[in-house]
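Report on the structure given below.
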2 protein chains.
Amino acid sequence: MRSQTAQQATTVTVARRPSVDESQLGAWRAFIQTHARLLHRLDEELQAAHGLSVAEYDALLQLAVAPERRLRMSVLADRVLLSRSGITRLVDRLVADGMVERSVCPTDARGSMATITQAGVSRLRAASRTHLDGVRRYFLDAVTADEQVVIERSLGRVNDGLTGSAIGADSSCSGALEV
Amino acid sequence: MRSQTAQQATTVTVARRPSVDESQLGAWRAFIQTHARLLHRLDEELQAAHGLSVAEYDALLQLAVAPERRLRMSVLADRVLLSRSGITRLVDRLVADGMVERSVCPTDARGSMATITQAGVSRLRAASRTHLDGVRRYFLDAVTADEQVVIERSLGRVNDGLTGSAIGADSSCSGALEV
DNA sequence: CATCGGTAGTTGCATTGTCAACCAATGGGC
DNA sequence: GCCCATTGGTTGACAATGCAACTACCGATG
């Protein structure tokens with residue numbers, strides 16, 4: 001009864017329009033799993049070395065590279081892929097830590113802006129070494145230039161397929177670092 | 001003063017061992033961003049259609065394809081990339097919903113096992129259509145076979161670099177579906 | 001220039017996940 | 001056979017996030 005049941009488990013095929021063939025899923029699995037493990041690792045290292053989560057790092061980065069080092073809350077939310085409430089709270093934390101300041105938007109009194117402070121910039125600058133170093137060691141060093149091109153193009157296409165159209169080019173997701 | 005400050009923002013380079021060149025980050029950004037958006041979308045669709053999160057789906061899947069349709073808690077935790085406490089709670093929810101049953105491990109009284117129920121299998125089977133369909137539409141359809149090969153190989157290499165060694169091959173991360 | 005539909009951001013609540021402390025059971029050394 | 005360091009799992013306290021409801025404000029329209 002034991003292995004019979006087990007047998008059954010792998011036998012009773014899903015049948016109804018397989019839609020996806022098992023053999024096609026290799027890339028998908030690699031994508032999911034690698035992302036999970038890698039991000040976890042990077043977060044760990046960044047947290048240990050600088051007490052920042054990757055989300056916080058990313059927010060600081062987006063502010064740092066923005067004109068005047070400040071951004072409307074909603075824009076920031078879009079860039080770091082967080083909900084409006086999520087960004088409110090994340091910025092709260094950064095403000096509490098002295099890395100960001102809030103101010104009212106001059107052209108629209110409803111809106112507020114987050115501005116990265118000098119302390120924030122320093123912290124970011126320090127953290128960026130750790131983070132980019134991790135990206136390089138784990139990701140860039142393991143992927144050839146040719147492969148990187150393929151990844152960028154193909155995943156970019158996936159991304160575009162999700163967002164109706166071209167936001168893809170913009171956001172720098174924990175990326176660029178000239179602060 | 002405006003654009004001057006802005007100018008500064010993009011000028012004061014990180015300098016200290018750039019480590020990573022800006023132009024190299026395209027693949028990295030595509031990777032991060034596409035993952036975030038895509039997973040969000042898939043989770044949304046799965047939740048709407050079947051009231052399951054991707055994590056729950058994955059756990060059910062892992063159980064369904066396991067011998068005897070059951071797994072030790074710790075093994076399950078590894079497969080779905082969750083902490084021990086995380087898996088305890090996830091299984092709690094599935095048990096509450098009648099999709100999983102707990103039993104004591106016969107060979108080690110400390111351990112417990114999670115077994116997927118028939119109801120769980122049905123639910124999973126239904127959900128798998130939605131999920132795999134999403135994977136196909138958003139991911140597989142947008143990535144050519146050649147590109148998939150490259151992705152699997154290169155990201156697999158990244159993954160291996162993270163886990164000391166070769167677990168990579170195993171776990172099926174929201175993937176295979178023969179239930 | 002008063003009104004009103006739509007937008008920006010914050011807050012309450014629920015969900016989900018982690019870490020650390022804990023209990024129970026194992027199994028190797030004596 | 002009896003310890004005790006180790007392991008498997010659960011639980012409590014807490015952090016991070018999303019959604020929905022709310023407030024304040026904008027700006028077009030009459």
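Going through the structure tokens in order, the chains are called A, B, and so on, while each chain numbers its residues from 1 and the ligands are numbered from 1 in the order shown.
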Problem set entry | Counting only C-alpha atoms (C1' of nucleotides), chain D residues within 10 Å of chain B, as a list in words | DT7, DG8, DG9, DT10 and DT11 of chain D
Suppose we keep N, CA and C atoms (P, O5', C5', C4', C3', O3' and C1' of nucleotides); can you now write the selection as an mmCIF file, in the first residue's frame?
```cif
data_model
loop_
_atom_site.group_PDB
_atom_site.id
_atom_site.type_symbol
_atom_site.label_atom_id
_atom_site.label_comp_id
_atom_site.auth_asym_id
_atom_site.auth_seq_id
_atom_site.Cartn_x
_atom_site.Cartn_y
_atom_site.Cartn_z
ATOM 1 P P DT D 7 23.128 18.861 15.927
ATOM 2 O "O5'" DT D 7 21.603 18.402 15.871
ATOM 3 C "C5'" DT D 7 21.300 17.023 15.794
ATOM 4 C "C4'" DT D 7 19.798 16.867 15.799
ATOM 5 C "C3'" DT D 7 19.079 17.824 14.858
ATOM 6 O "O3'" DT D 7 18.174 17.045 14.096
ATOM 7 C "C1'" DT D 7 18.149 17.939 17.016
ATOM 8 P P DG D 8 17.241 17.648 13.041
ATOM 9 O "O5'" DG D 8 15.837 17.665 13.774
ATOM 10 C "C5'" DG D 8 15.132 16.448 13.945
ATOM 11 C "C4'" DG D 8 13.693 16.750 14.280
ATOM 12 C "C3'" DG D 8 13.025 17.747 13.328
ATOM 13 O "O3'" DG D 8 11.705 17.287 13.041
ATOM 14 C "C1'" DG D 8 13.020 18.607 15.551
ATOM 15 P P DG D 9 10.810 18.084 12.067
ATOM 16 O "O5'" DG D 9 10.030 18.999 13.086
ATOM 17 C "C5'" DG D 9 9.195 18.342 14.063
ATOM 18 C "C4'" DG D 9 8.627 19.342 15.031
ATOM 19 C "C3'" DG D 9 7.854 20.492 14.394
ATOM 20 O "O3'" DG D 9 6.486 20.294 14.728
ATOM 21 C "C1'" DG D 9 9.306 21.219 16.166
ATOM 22 P P DT D 10 5.388 21.344 14.373
ATOM 23 O "O5'" DT D 10 5.341 22.270 15.677
ATOM 24 C "C5'" DT D 10 5.127 21.628 16.936
ATOM 25 C "C4'" DT D 10 5.085 22.653 18.063
ATOM 26 C "C3'" DT D 10 4.125 23.820 17.838
ATOM 27 O "O3'" DT D 10 3.383 23.964 19.046
ATOM 28 C "C1'" DT D 10 6.280 24.627 18.386
ATOM 29 P P DT D 11 2.181 25.013 19.115
ATOM 30 O "O5'" DT D 11 2.837 26.264 19.855
ATOM 31 C "C5'" DT D 11 3.351 26.101 21.172
ATOM 32 C "C4'" DT D 11 3.970 27.412 21.656
ATOM 33 C "C3'" DT D 11 3.120 28.656 21.388
ATOM 34 O "O3'" DT D 11 3.007 29.386 22.602
ATOM 35 C "C1'" DT D 11 5.322 28.979 20.609
#
```
Per residue of chain C within 8 Å of chain A, which atom pair is closest and at what distance in Å (one decimal), using only C-alpha atoms (C1' of nucleotides), listed by chain and increasing number, as a Markdown table?
```
| residue | atom | partner | partner_atom | distance |
| --- | --- | --- | --- | --- |
| C:DA8 | C1' | A:Gly111 | CA | 5.2 |
| C:DG9 | C1' | A:Gly111 | CA | 6.7 |
| C:DT10 | C1' | A:Thr88 | CA | 7.3 |
```
Problem set entry | Residues near Asp43 of chain A, cut-off 12 Å, only C-alpha atoms (C1' of nucleotides), skip fewer than 2 positions along chain, as a ChimeraX atom specification | /A:35-41,45-58,127,130-132,134-135,174
Problem set entry | Non-local contacts of DA5 of chain D (12 Å; only C-alpha atoms (C1' of nucleotides); under 2 positions in same chain excluded) as a PyMOL selection string | (chain C and resi 26-29) or (chain D and resi 3+7)
What's the 8 Å shell around Gln62 of chain A, counting only C-alpha atoms (C1' of nucleotides), without same-chain residues fewer than 3 positions away, as a PDB file with C-alpha atoms, in the first residue's frame?
```
ATOM      1  CA  ASP A  58      17.030  50.617  -2.275  1.00  0.00           C
ATOM      2  CA  ALA A  59      14.918  53.478  -1.007  1.00  0.00           C
ATOM      3  CA  VAL A  65      20.191  59.529  -7.264  1.00  0.00           C
ATOM      4  CA  ALA A  66      17.048  61.601  -7.606  1.00  0.00           C
ATOM      5  CA  LEU A  76       9.464  56.359  -4.335  1.00  0.00           C
ATOM      6  CA  ARG A  79      10.577  52.658  -7.630  1.00  0.00           C
ATOM      7  CA  VAL A  80      11.112  50.356  -4.708  1.00  0.00           C
ATOM      8  CA  SER A 172      17.313  50.885 -10.774  1.00  0.00           C
TER       9      SER A 172
END
```
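Residue neighbourhood of Glu101 of chain A, excluding near-sequence residues (fewer than 6 positions): A:Val95, A:Ala114, A:Thr115, at 6 Å, using only C-alpha atoms (C1' of nucleotides).
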Problem set entry | Which residue of B:Thr163, B:Thr117, B:Ser103, B:Gln148 approaches chain A most closely, using only C-alpha atoms | B:Gln148
